[in-house]
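What follows is upload33.txt (compact mmCIF, C-alpha atoms and all ligand atoms).
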# COMPACT_ATOMS: atom_id res chain seq x y z
CA MET S 1 242.78 68.70 -75.37
CA SER S 2 246.32 70.00 -75.28
CA HIS S 3 248.06 71.33 -78.39
CA SER S 4 251.82 71.01 -78.65
CA ILE S 5 253.39 73.94 -80.41
CA LEU S 6 257.05 74.02 -81.34
CA LEU S 7 258.80 77.38 -81.56
CA LEU S 8 261.72 77.65 -83.97
CA PRO S 9 263.14 81.14 -83.41
CA GLY S 10 265.97 80.68 -85.93
CA ASP S 11 268.42 83.41 -86.87
CA GLY S 12 268.74 87.19 -87.14
CA ILE S 13 265.51 88.91 -86.13
CA GLY S 14 263.82 85.50 -85.78
CA PRO S 15 264.23 85.23 -81.99
CA GLU S 16 263.02 88.83 -81.49
CA VAL S 17 259.83 88.46 -83.48
CA VAL S 18 259.07 84.97 -82.16
CA ALA S 19 259.45 86.26 -78.58
CA GLN S 20 256.64 88.77 -79.20
CA ALA S 21 254.51 86.20 -81.01
CA ARG S 22 254.96 83.85 -78.06
CA ARG S 23 253.61 86.47 -75.65
CA VAL S 24 250.56 86.92 -77.89
CA LEU S 25 250.04 83.17 -78.24
CA GLU S 26 250.18 82.60 -74.49
CA ARG S 27 247.74 85.45 -73.80
CA VAL S 28 245.23 84.47 -76.46
CA ALA S 29 245.35 80.86 -75.25
CA ASP S 30 244.42 82.12 -71.76
CA LEU S 31 241.64 84.28 -73.11
CA TYR S 32 240.11 81.49 -75.20
CA ASN S 33 240.74 78.56 -72.83
CA LEU S 34 243.09 76.80 -75.20
CA THR S 35 245.53 74.41 -73.59
CA ILE S 36 248.87 74.73 -75.30
CA GLU S 37 252.27 73.26 -74.55
CA LEU S 38 255.15 75.28 -75.90
CA ASP S 39 258.54 73.84 -76.66
CA GLU S 40 261.51 75.28 -78.52
CA ALA S 41 264.09 73.84 -80.94
CA ASN S 42 266.92 74.93 -83.21
CA LEU S 43 266.56 75.36 -86.97
CA GLY S 44 268.86 77.05 -89.46
CA GLY S 45 272.13 78.76 -88.64
CA VAL S 46 271.66 78.52 -84.90
CA ALA S 47 271.17 74.76 -85.27
CA ILE S 48 274.35 74.47 -87.33
CA ASP S 49 276.29 76.30 -84.61
CA ARG S 50 274.81 74.41 -81.67
CA GLU S 51 274.09 70.95 -83.09
CA GLY S 52 276.08 70.68 -86.31
CA SER S 53 273.18 70.53 -88.78
CA ALA S 54 270.49 72.92 -90.03
CA TYR S 55 267.70 70.44 -89.16
CA PRO S 56 269.13 68.33 -86.35
CA GLU S 57 267.63 65.10 -85.06
CA THR S 58 266.38 66.65 -81.82
CA THR S 59 264.41 69.19 -83.86
CA GLN S 60 263.12 66.47 -86.19
CA ALA S 61 261.73 64.47 -83.30
CA LYS S 62 259.97 67.48 -81.78
CA ALA S 63 258.70 68.71 -85.17
CA ARG S 64 257.12 65.38 -86.06
CA SER S 65 255.07 65.26 -82.89
CA ALA S 66 253.96 68.93 -82.81
CA ALA S 67 250.48 70.05 -83.81
CA ALA S 68 251.97 73.23 -85.20
CA LEU S 69 255.30 74.98 -85.56
CA LEU S 70 256.06 78.68 -85.44
CA LEU S 71 259.24 79.75 -87.19
CA GLY S 72 261.02 83.11 -87.12
CA ALA S 73 263.48 83.04 -90.01
CA VAL S 74 266.74 81.36 -90.92
CA GLY S 75 269.97 82.46 -92.54
CA GLY S 76 272.57 85.17 -92.29
CA PRO S 77 275.91 86.30 -93.63
CA GLN S 78 277.92 84.26 -91.11
CA TRP S 79 276.80 81.05 -92.85
CA ASP S 80 277.01 82.31 -96.45
CA GLY S 81 280.44 80.73 -96.94
CA LEU S 82 279.18 77.19 -96.29
CA PRO S 83 278.57 74.82 -99.22
CA ALA S 84 274.96 75.00 -100.44
CA ALA S 85 274.05 71.62 -98.93
CA GLN S 86 275.03 72.75 -95.42
CA ARG S 87 273.47 76.21 -95.33
CA PRO S 88 270.71 77.30 -92.93
CA GLU S 89 268.11 77.48 -95.72
CA ARG S 90 268.52 73.74 -96.22
CA GLY S 91 266.97 73.32 -92.80
CA LEU S 92 263.82 74.94 -94.08
CA LEU S 93 263.64 72.77 -97.20
CA ALA S 94 264.33 69.68 -95.07
CA ILE S 95 261.59 70.39 -92.54
CA ARG S 96 259.05 71.11 -95.30
CA ALA S 97 259.88 67.80 -96.97
CA ASP S 98 260.02 65.87 -93.70
CA LEU S 99 256.56 67.01 -92.61
CA ASP S 100 255.14 66.74 -96.15
CA LEU S 101 253.95 70.34 -96.09
CA PHE S 102 252.39 70.34 -99.54
CA ALA S 103 250.21 73.43 -99.27
CA ASN S 104 251.58 76.92 -98.88
CA LEU S 105 249.03 79.53 -97.87
CA ARG S 106 250.08 83.10 -98.47
CA PRO S 107 247.48 85.72 -97.63
CA ALA S 108 248.01 89.14 -99.17
CA ILE S 109 246.14 91.38 -96.80
CA LEU S 110 246.43 95.11 -96.76
CA PHE S 111 245.20 96.75 -93.61
CA PRO S 112 243.47 99.95 -94.78
CA GLN S 113 245.58 101.92 -92.28
CA LEU S 114 248.66 101.07 -94.38
CA ALA S 115 247.19 101.58 -97.86
CA ASP S 116 249.70 104.35 -98.60
CA ALA S 117 252.59 101.84 -98.29
CA SER S 118 251.59 100.12 -101.53
CA SER S 119 253.04 101.16 -104.86
CA LEU S 120 249.51 100.92 -106.27
CA LYS S 121 246.84 103.55 -105.78
CA PRO S 122 245.35 103.23 -102.27
CA GLU S 123 241.81 102.70 -103.61
CA LEU S 124 243.00 99.66 -105.61
CA VAL S 125 244.48 97.92 -102.59
CA ALA S 126 242.88 99.26 -99.39
CA GLY S 127 241.19 96.32 -97.69
CA LEU S 128 242.81 93.80 -100.04
CA ASP S 129 242.33 90.22 -98.80
CA ILE S 130 243.59 87.52 -101.17
CA LEU S 131 244.68 84.02 -100.25
CA ILE S 132 247.19 82.36 -102.54
CA VAL S 133 247.29 78.58 -102.19
CA ARG S 134 250.50 77.27 -103.74
CA GLU S 135 251.41 73.61 -104.21
CA LEU S 136 254.77 73.32 -102.47
CA THR S 137 256.22 69.86 -102.88
CA GLY S 138 255.73 69.00 -106.55
CA GLY S 139 255.83 70.50 -110.03
CA ILE S 140 258.86 71.60 -111.96
CA TYR S 141 260.94 72.36 -108.85
CA PHE S 142 261.03 68.67 -107.97
CA GLY S 143 260.31 66.89 -111.27
CA GLU S 144 262.76 64.30 -112.60
CA PRO S 145 264.66 63.99 -114.84
CA ARG S 146 266.50 67.27 -114.47
CA GLY S 147 270.01 68.48 -115.11
CA ILE S 148 272.44 70.00 -117.55
CA ARG S 149 273.79 67.72 -120.26
CA THR S 150 275.86 67.90 -123.41
CA ARG S 151 274.14 67.14 -126.68
CA GLU S 152 275.61 65.06 -129.46
CA ASP S 153 276.59 68.24 -131.30
CA GLY S 154 278.60 69.35 -128.24
CA GLU S 155 276.25 72.11 -127.11
CA ARG S 156 275.07 72.01 -123.51
CA GLU S 157 271.37 72.13 -122.59
CA GLY S 158 269.53 72.46 -119.32
CA TYR S 159 266.27 70.62 -118.71
CA ASN S 160 263.62 70.14 -116.06
CA THR S 161 260.43 68.18 -115.85
CA TYR S 162 257.11 69.80 -115.08
CA ILE S 163 255.05 66.96 -113.67
CA TYR S 164 251.97 66.61 -111.45
CA ARG S 165 250.08 63.50 -110.47
CA GLU S 166 246.29 63.67 -110.25
CA SER S 167 246.40 63.00 -106.51
CA GLU S 168 248.76 65.93 -105.96
CA ILE S 169 246.45 68.28 -107.85
CA GLU S 170 243.40 66.89 -106.14
CA ARG S 171 244.60 67.45 -102.57
CA ILE S 172 245.69 71.05 -103.14
CA ALA S 173 242.45 71.83 -105.02
CA GLN S 174 240.40 70.24 -102.26
CA LEU S 175 242.09 72.46 -99.68
CA ALA S 176 241.62 75.60 -101.79
CA PHE S 177 237.86 74.92 -102.08
CA GLU S 178 237.54 74.20 -98.36
CA LEU S 179 239.27 77.49 -97.58
CA ALA S 180 237.18 79.44 -100.10
CA ALA S 181 234.01 77.97 -98.59
CA LYS S 182 234.95 79.68 -95.31
CA ARG S 183 235.80 82.96 -97.06
CA ASP S 184 234.12 84.66 -100.01
CA GLY S 185 233.37 81.41 -101.88
CA ARG S 186 235.47 82.04 -105.00
CA VAL S 187 238.42 80.04 -106.34
CA THR S 188 240.55 81.12 -109.28
CA SER S 189 242.76 78.34 -110.58
CA VAL S 190 245.88 79.53 -112.41
CA ASP S 191 247.50 77.44 -115.14
CA LYS S 192 248.96 77.59 -118.62
CA ALA S 193 246.64 75.02 -120.10
CA ASN S 194 246.93 76.51 -123.60
CA VAL S 195 250.59 75.46 -123.76
CA LEU S 196 251.44 72.92 -121.04
CA GLU S 197 249.79 69.49 -120.93
CA VAL S 198 250.59 69.14 -117.24
CA THR S 199 248.38 72.12 -116.55
CA GLN S 200 245.65 70.81 -118.85
CA LEU S 201 245.44 67.95 -116.38
CA TRP S 202 245.59 70.51 -113.56
CA ARG S 203 242.56 72.32 -115.02
CA GLU S 204 240.65 69.08 -115.53
CA VAL S 205 241.24 67.84 -111.98
CA VAL S 206 240.45 71.21 -110.36
CA THR S 207 237.19 71.33 -112.33
CA ARG S 208 236.31 67.84 -111.11
CA VAL S 209 237.03 68.73 -107.47
CA ALA S 210 234.83 71.82 -107.83
CA GLU S 211 231.79 69.57 -108.36
CA ASN S 212 231.87 68.71 -104.66
CA PHE S 213 231.65 72.35 -103.64
CA ALA S 214 228.33 73.69 -104.82
CA GLY S 215 228.68 76.93 -102.86
CA VAL S 216 232.05 77.89 -104.34
CA ASP S 217 232.51 79.50 -107.77
CA LEU S 218 235.46 78.42 -109.87
CA ASP S 219 237.14 80.22 -112.70
CA HIS S 220 240.40 79.60 -114.54
CA LEU S 221 243.06 82.06 -115.61
CA TYR S 222 246.25 81.63 -117.60
CA VAL S 223 249.20 82.62 -115.48
CA ASP S 224 250.17 85.59 -117.67
CA ASN S 225 246.67 87.01 -117.37
CA ALA S 226 246.64 86.30 -113.62
CA ALA S 227 249.82 88.35 -113.20
CA MET S 228 248.22 91.24 -115.10
CA GLN S 229 244.97 91.06 -113.16
CA LEU S 230 246.84 90.97 -109.84
CA VAL S 231 248.30 94.40 -110.44
CA ARG S 232 245.33 95.80 -112.41
CA GLU S 233 242.47 94.94 -110.08
CA PRO S 234 243.70 92.74 -107.21
CA LYS S 235 240.50 92.96 -105.16
CA GLN S 236 238.65 90.83 -107.75
CA PHE S 237 240.29 87.71 -106.23
CA ASP S 238 239.38 85.63 -103.21
CA VAL S 239 241.40 82.36 -103.31
CA LEU S 240 244.00 81.72 -106.02
CA VAL S 241 245.18 78.12 -106.34
CA THR S 242 248.16 77.20 -108.44
CA GLY S 243 251.22 75.00 -108.82
CA ASN S 244 254.62 75.45 -107.29
CA ILE S 245 256.38 77.67 -109.83
CA PHE S 246 253.45 79.95 -110.69
CA GLY S 247 252.59 80.23 -106.99
CA ASP S 248 256.16 81.19 -106.15
CA ILE S 249 256.03 84.14 -108.53
CA LEU S 250 252.42 85.23 -108.00
CA SER S 251 252.65 85.13 -104.20
CA ASP S 252 255.62 87.49 -104.24
CA THR S 253 253.80 89.78 -106.66
CA ALA S 254 250.78 89.78 -104.37
CA ALA S 255 253.02 90.43 -101.36
CA MET S 256 254.36 93.54 -103.00
CA LEU S 257 250.84 94.87 -103.52
CA THR S 258 250.75 95.35 -99.78
CA GLY S 259 254.07 97.20 -99.74
CA SER S 260 255.17 95.93 -96.34
CA ILE S 261 257.04 92.66 -95.92
CA GLY S 262 256.93 93.06 -92.14
CA MET S 263 253.15 92.45 -92.18
CA LEU S 264 252.86 89.21 -94.16
CA PRO S 265 252.26 85.80 -92.54
CA SER S 266 252.28 82.38 -94.17
CA ALA S 267 251.36 78.80 -93.45
CA SER S 268 252.52 75.50 -94.91
CA LEU S 269 250.16 72.62 -94.16
CA ASN S 270 250.18 68.86 -94.54
CA ALA S 271 247.31 66.42 -94.88
CA LEU S 272 246.94 66.19 -91.08
CA SER S 273 246.51 69.96 -90.65
CA ALA S 274 249.83 70.13 -88.88
CA GLY S 275 251.53 73.22 -90.14
CA LEU S 276 254.60 75.39 -90.18
CA TYR S 277 253.74 79.04 -89.69
CA GLU S 278 256.21 81.79 -90.46
CA PRO S 279 256.49 85.39 -91.56
CA VAL S 280 257.22 85.84 -95.26
CA HIS S 281 260.29 87.96 -94.54
CA GLY S 282 263.79 86.65 -93.91
CA SER S 283 266.15 87.04 -90.98
CA ALA S 284 266.93 90.71 -91.76
CA PRO S 285 270.53 90.63 -90.48
CA ASP S 286 270.81 94.37 -91.13
CA ILE S 287 268.48 95.15 -88.20
CA ALA S 288 268.93 92.04 -86.02
CA GLY S 289 269.39 92.58 -82.29
CA GLN S 290 268.33 96.24 -82.47
CA ASP S 291 264.68 96.03 -81.41
CA ARG S 292 263.72 97.42 -84.83
CA ALA S 293 262.00 94.43 -86.47
CA ASN S 294 258.28 94.47 -87.07
CA PRO S 295 256.81 91.48 -85.18
CA LEU S 296 253.34 91.77 -86.77
CA ALA S 297 253.98 89.25 -89.59
CA THR S 298 254.89 86.65 -86.98
CA ILE S 299 251.97 87.63 -84.76
CA LEU S 300 249.65 87.28 -87.78
CA SER S 301 251.26 83.86 -88.37
CA VAL S 302 250.05 82.97 -84.87
CA ALA S 303 246.54 83.87 -86.03
CA MET S 304 246.91 81.48 -88.98
CA LEU S 305 248.22 78.78 -86.62
CA LEU S 306 245.18 79.19 -84.40
CA ARG S 307 242.81 79.05 -87.36
CA TYR S 308 244.29 76.20 -89.40
CA SER S 309 246.00 73.87 -86.93
CA LEU S 310 244.08 74.51 -83.69
CA ASN S 311 240.71 75.17 -85.35
CA ALA S 312 240.33 78.21 -83.08
CA GLY S 313 238.86 80.74 -85.50
CA ASN S 314 237.62 83.08 -82.78
CA ALA S 315 241.02 83.31 -81.17
CA ALA S 316 242.58 83.88 -84.60
CA ALA S 317 240.13 86.69 -85.34
CA ALA S 318 240.93 88.24 -81.95
CA VAL S 319 244.64 88.38 -82.82
CA GLU S 320 243.89 89.93 -86.21
CA ALA S 321 241.56 92.46 -84.61
CA ALA S 322 244.25 93.37 -82.07
CA VAL S 323 246.71 94.03 -84.90
CA SER S 324 244.16 96.24 -86.61
CA THR S 325 243.56 98.09 -83.33
CA VAL S 326 247.25 98.89 -82.80
CA LEU S 327 247.46 100.19 -86.36
CA ASP S 328 244.42 102.37 -85.66
CA GLN S 329 246.21 103.64 -82.57
CA GLY S 330 249.10 104.74 -84.79
CA CYS S 331 251.64 102.17 -83.57
CA ARG S 332 254.30 101.86 -86.25
CA THR S 333 257.64 100.09 -86.44
CA ALA S 334 260.13 101.79 -88.78
CA ASP S 335 259.28 99.63 -91.83
CA ILE S 336 255.61 100.70 -91.86
CA ALA S 337 256.03 104.28 -90.64
CA ALA S 338 255.21 107.18 -92.91
CA GLU S 339 257.22 110.36 -92.74
CA GLY S 340 256.68 112.11 -89.43
CA ASP S 341 255.17 109.05 -87.66
CA ALA S 342 256.48 108.20 -84.21
CA VAL S 343 258.33 104.88 -84.41
CA ILE S 344 258.24 102.12 -81.78
CA GLY S 345 260.37 99.01 -81.38
CA THR S 346 259.73 95.28 -81.64
CA GLU S 347 258.94 94.75 -77.98
CA ALA S 348 256.72 97.84 -77.68
CA MET S 349 254.72 96.64 -80.69
CA GLY S 350 254.27 93.24 -79.03
CA THR S 351 253.11 94.92 -75.85
CA ALA S 352 250.63 97.08 -77.77
CA VAL S 353 249.11 93.98 -79.38
CA LEU S 354 248.85 92.26 -75.98
CA LYS S 355 246.98 95.24 -74.58
CA ALA S 356 244.63 95.31 -77.56
CA LEU S 357 243.75 91.60 -77.32
CA LYS S 358 240.17 90.98 -76.33
CA GLY S 359 238.44 87.81 -75.16
CA HIS S 360 235.03 86.40 -76.12
CA GLU S 361 233.00 89.13 -74.46
CA GLY S 362 235.48 91.86 -75.24
CA ASN S 363 237.00 91.41 -71.78
CA GLU S 364 240.66 92.21 -71.38
CA LEU S 365 242.76 90.34 -68.89
P1 LIG S 401 264.88 89.86 -95.54
O1 LIG S 401 263.43 89.66 -95.66
O2 LIG S 401 265.55 89.28 -94.38
O3 LIG S 401 265.17 91.44 -95.54
C1 LIG S 401 264.84 92.29 -96.64
C2 LIG S 401 264.68 93.73 -96.13
O4 LIG S 401 263.46 93.83 -95.39
C3 LIG S 401 265.79 94.16 -95.16
O5 LIG S 401 266.08 95.52 -95.37
C4 LIG S 401 265.18 93.97 -93.80
O6 LIG S 401 265.70 94.83 -92.81
C5 LIG S 401 263.70 94.24 -94.06
N1 LIG S 401 262.84 93.45 -93.17
C6 LIG S 401 262.60 92.13 -93.26
N2 LIG S 401 261.79 91.73 -92.28
C7 LIG S 401 261.51 92.81 -91.55
C8 LIG S 401 260.73 93.04 -90.38
N3 LIG S 401 260.05 92.07 -89.76
N4 LIG S 401 260.69 94.30 -89.89
C9 LIG S 401 261.34 95.29 -90.48
N5 LIG S 401 262.09 95.14 -91.59
C10 LIG S 401 262.18 93.92 -92.11
O7 LIG S 401 265.53 89.33 -96.91
P2 LIG S 401 267.08 89.22 -97.33
O8 LIG S 401 267.82 90.41 -96.85
O9 LIG S 401 267.04 88.92 -98.77
O10 LIG S 401 267.61 87.93 -96.58
C11 LIG S 401 268.32 87.94 -95.34
C12 LIG S 401 268.56 86.52 -94.87
O11 LIG S 401 267.29 85.89 -94.63
C13 LIG S 401 269.26 85.65 -95.91
O12 LIG S 401 270.17 84.81 -95.22
C14 LIG S 401 268.15 84.84 -96.53
O13 LIG S 401 268.60 83.60 -97.02
C15 LIG S 401 267.23 84.66 -95.36
N6 LIG S 401 265.81 84.42 -95.72
C16 LIG S 401 265.15 83.53 -94.94
C17 LIG S 401 263.81 83.30 -95.18
C18 LIG S 401 263.09 82.33 -94.27
O14 LIG S 401 263.60 82.00 -93.23
N7 LIG S 401 261.92 81.89 -94.63
C19 LIG S 401 263.14 83.97 -96.19
C20 LIG S 401 263.84 84.91 -96.96
C21 LIG S 401 265.19 85.13 -96.70

Starting from the file, lay out its structure as structure tokens.
Ligand code: NAD
Amino acid sequence: MSHSILLLPGDGIGPEVVAQARRVLERVADLYNLTIELDEANLGGVAIDREGSAYPETTQAKARSAAALLLGAVGGPQWDGLPAAQRPERGLLAIRADLDLFANLRPAILFPQLADASSLKPELVAGLDILIVRELTGGIYFGEPRGIRTREDGEREGYNTYIYRESEIERIAQLAFELAAKRDGRVTSVDKANVLEVTQLWREVVTRVAENFAGVDLDHLYVDNAAMQLVREPKQFDVLVTGNIFGDILSDTAAMLTGSIGMLPSASLNALSAGLYEPVHGSAPDIAGQDRANPLATILSVAMLLRYSLNAGNAAAAVEAAVSTVLDQGCRTADIAAEGDAVIGTEAMGTAVLKALKGHEGNEL
């Protein structure tokens, strides 16, 4: 079976990091006998410049038929003057909506070799491996009615609607339990059920879904407590599942526990397991075109792509092991280097990962 994978290099450092991820993807596919077909399309600023829209029709057609998409990043100062509706970031929102990518998976993993990069004590975070599962297409960010209006007394007020349907909660909870079953078997659901009715329903539905997963433990935390626990004792968590707004905030908090934005992958999945995989970082215009970007977040996004859309867990683990090996070897791009470390560039880091990749029997090509 052949898997079609669409590359969306995007803007800034996007093309540089995707180029390295592509080399890794092609090599690991060879090593694990995966048949992949790679294609490329424009998204973001580059799509505006070449095709007149951030998510052009040619990209839409390719995206809808791909098994998985790998994105670099979009945006940059040259498009900042455009009206909000025409900016590169709109391309990202449009593709998420178009493909119905309702589940955002954000692992916060701290390779022990980089434990000193965290602002927390190394022993609190070394070996950290949390997966935050955030609902991405509902909740207060999309709820209607919304707006700013003038009251009868002349004062203005802003309002939004925090709303979730049972089916929306059910599908994200289902996914969180499935993922936890393949990990450490623990789900923590985060809500504010003491104050918000919408999250009372959230808690009720998550509890109901849990009944189908005998091997997975469920507990519930209020979001304020979850934020505290994340910085107090982050290793207590396995999978955290939560709605759009809480997930937005908690996933960035968890990212900072690791101290290095250049190391963090993400996935956004739909009900068909098609997914958009991308590093958490942006297009880093300050270092674009200088061979200084860390490609490891995008390479680790390839590992997620292999695991979640191609169901190739062994190949995914091989990519993750290769990243760990290069860190053991002392390979560091500038963003993860400690004082006195020798620094290598984007391409050299990609090459190091390629060399460290091992096949089924540990054979290198
Ligand atoms: P950013 O993540 O691009 O950069 C923040 C800082 O981290 C910069 O100093 C940058 O040099 C550094 N950095 C980021 N990725 C790195 C990497 N792989 N290796 C080494 N250093 C890295 O965030 P920003 O500066 O706030 O945004 C820049 C542009 O990216 C904006 O146009 C923004 O809208 C866009 N953006 C896009 C996405 C996305 O495509 N998903 C996400 C965030 C920001």

With a distance cut-off of 10 Å and only C-alpha atoms, select the neighbouring residues of Ile169 (chain S), excluding the residue or stretch itself and same-chain residues fewer than 6 positions from it, and output the selection as a VMD selection string. chain S and resid 135 138 to 139 199 201 to 206 209 242 to 243

Find the residues with any atom within 8 Å of (245.4, 77.1, -117.0); use only C-alpha atoms and the coordinates as given in the file, and write the answer as a PyMOL selection string. chain S and resi 189-194+199-200+202-203+220-223

Let me have the centre and edge lengths of the axis-aligned box enclosing all listed atoms of ligand LIG 401 (chain S) with 6 Å padding on every side, in Å to one decimal, as JSON.
{"center_x": 265.1, "center_y": 88.7, "center_z": -94.3, "size_x": 22.1, "size_y": 25.6, "size_z": 21.0}

Nearby residues, ligand LIG 401 (chain S), 10 Å, all atoms listed in the file, as a PyMOL selection string: chain S and resi 9-14+16-17+43-45+71-80+87-93+260-264+266+277-288+291-298+333-336+345-346

Would you mind reading off the distance between CA of Gly275 (chain S) and CA of Ile130 (chain S), one decimal, in Å?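 Separation of CA of Gly275 (chain S) and CA of Ile130 (chain S): 19.7 Å.
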
Pick out the residues sitting within 12 Å of region 326-330 of chain S, and hand them over as a PyMOL selection string; count all atoms listed in the file, and ignore anything fewer than 3 positions along from it in its own chain. chain S and resi 110-115+263+296+319-323+333+336-338+340-344+348-357

Separation of CA of Ile245 (chain S) from CA of Leu131 (chain S), in Å and rounded to one decimal: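 Computed distance, CA of Ile245 (chain S) to CA of Leu131 (chain S), equals 16.4 Å.
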
Quick one: distance from CA of Gln174 (chain S) to CA of Asn212 (chain S) in Å, one decimal?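 Atom-to-atom, CA of Gln174 (chain S) and CA of Asn212 (chain S) are spaced 9.0 Å apart.
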
Closest of S:Ala85, S:Ala254, S:Ala210, S:Ala117 to Arg171 (chain S) - atom-to-atom distances counting all atoms listed in the file: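 Selected residue with least distance to Arg171 (chain S): S:Ala210.
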
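When all atoms listed in the file are used to compute distances to Glu178 (chain S), the closest of the residues S:Val239, S:Arg151, S:Ala303, S:Val198 turns out to be S:Val239.
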
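When all atoms listed in the file are used to measure the gap to Arg183 (chain S), the shortest distance among S:Leu128, S:Val216, S:Ile5, S:Ala316 belongs to S:Val216.
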
Go ahead and find all residues with at least one atom no further than 9 Å from (259.5, 62.2, -114.6) in the file's coordinates, using only C-alpha atoms; report them as a list in words.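 Counting only C-alpha atoms, I find these residues within 9 Å of (259.5, 62.2, -114.6): Gly143, Glu144, Pro145, Arg146, Thr161, Tyr162 and Ile163 of chain S.
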
Which one is closest to Leu124 (chain S): S:Val241, S:Gln236, S:Ser2, S:Ala317? Count only C-alpha atoms.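 Selected residue with least distance to Leu124 (chain S): S:Gln236.
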
Could you check the closest approach to Leu101 (chain S) for each of S:Leu7, S:Ala318, S:Leu310, S:Leu272 and tell me which residue wins, using all atoms listed in the file? S:Leu272
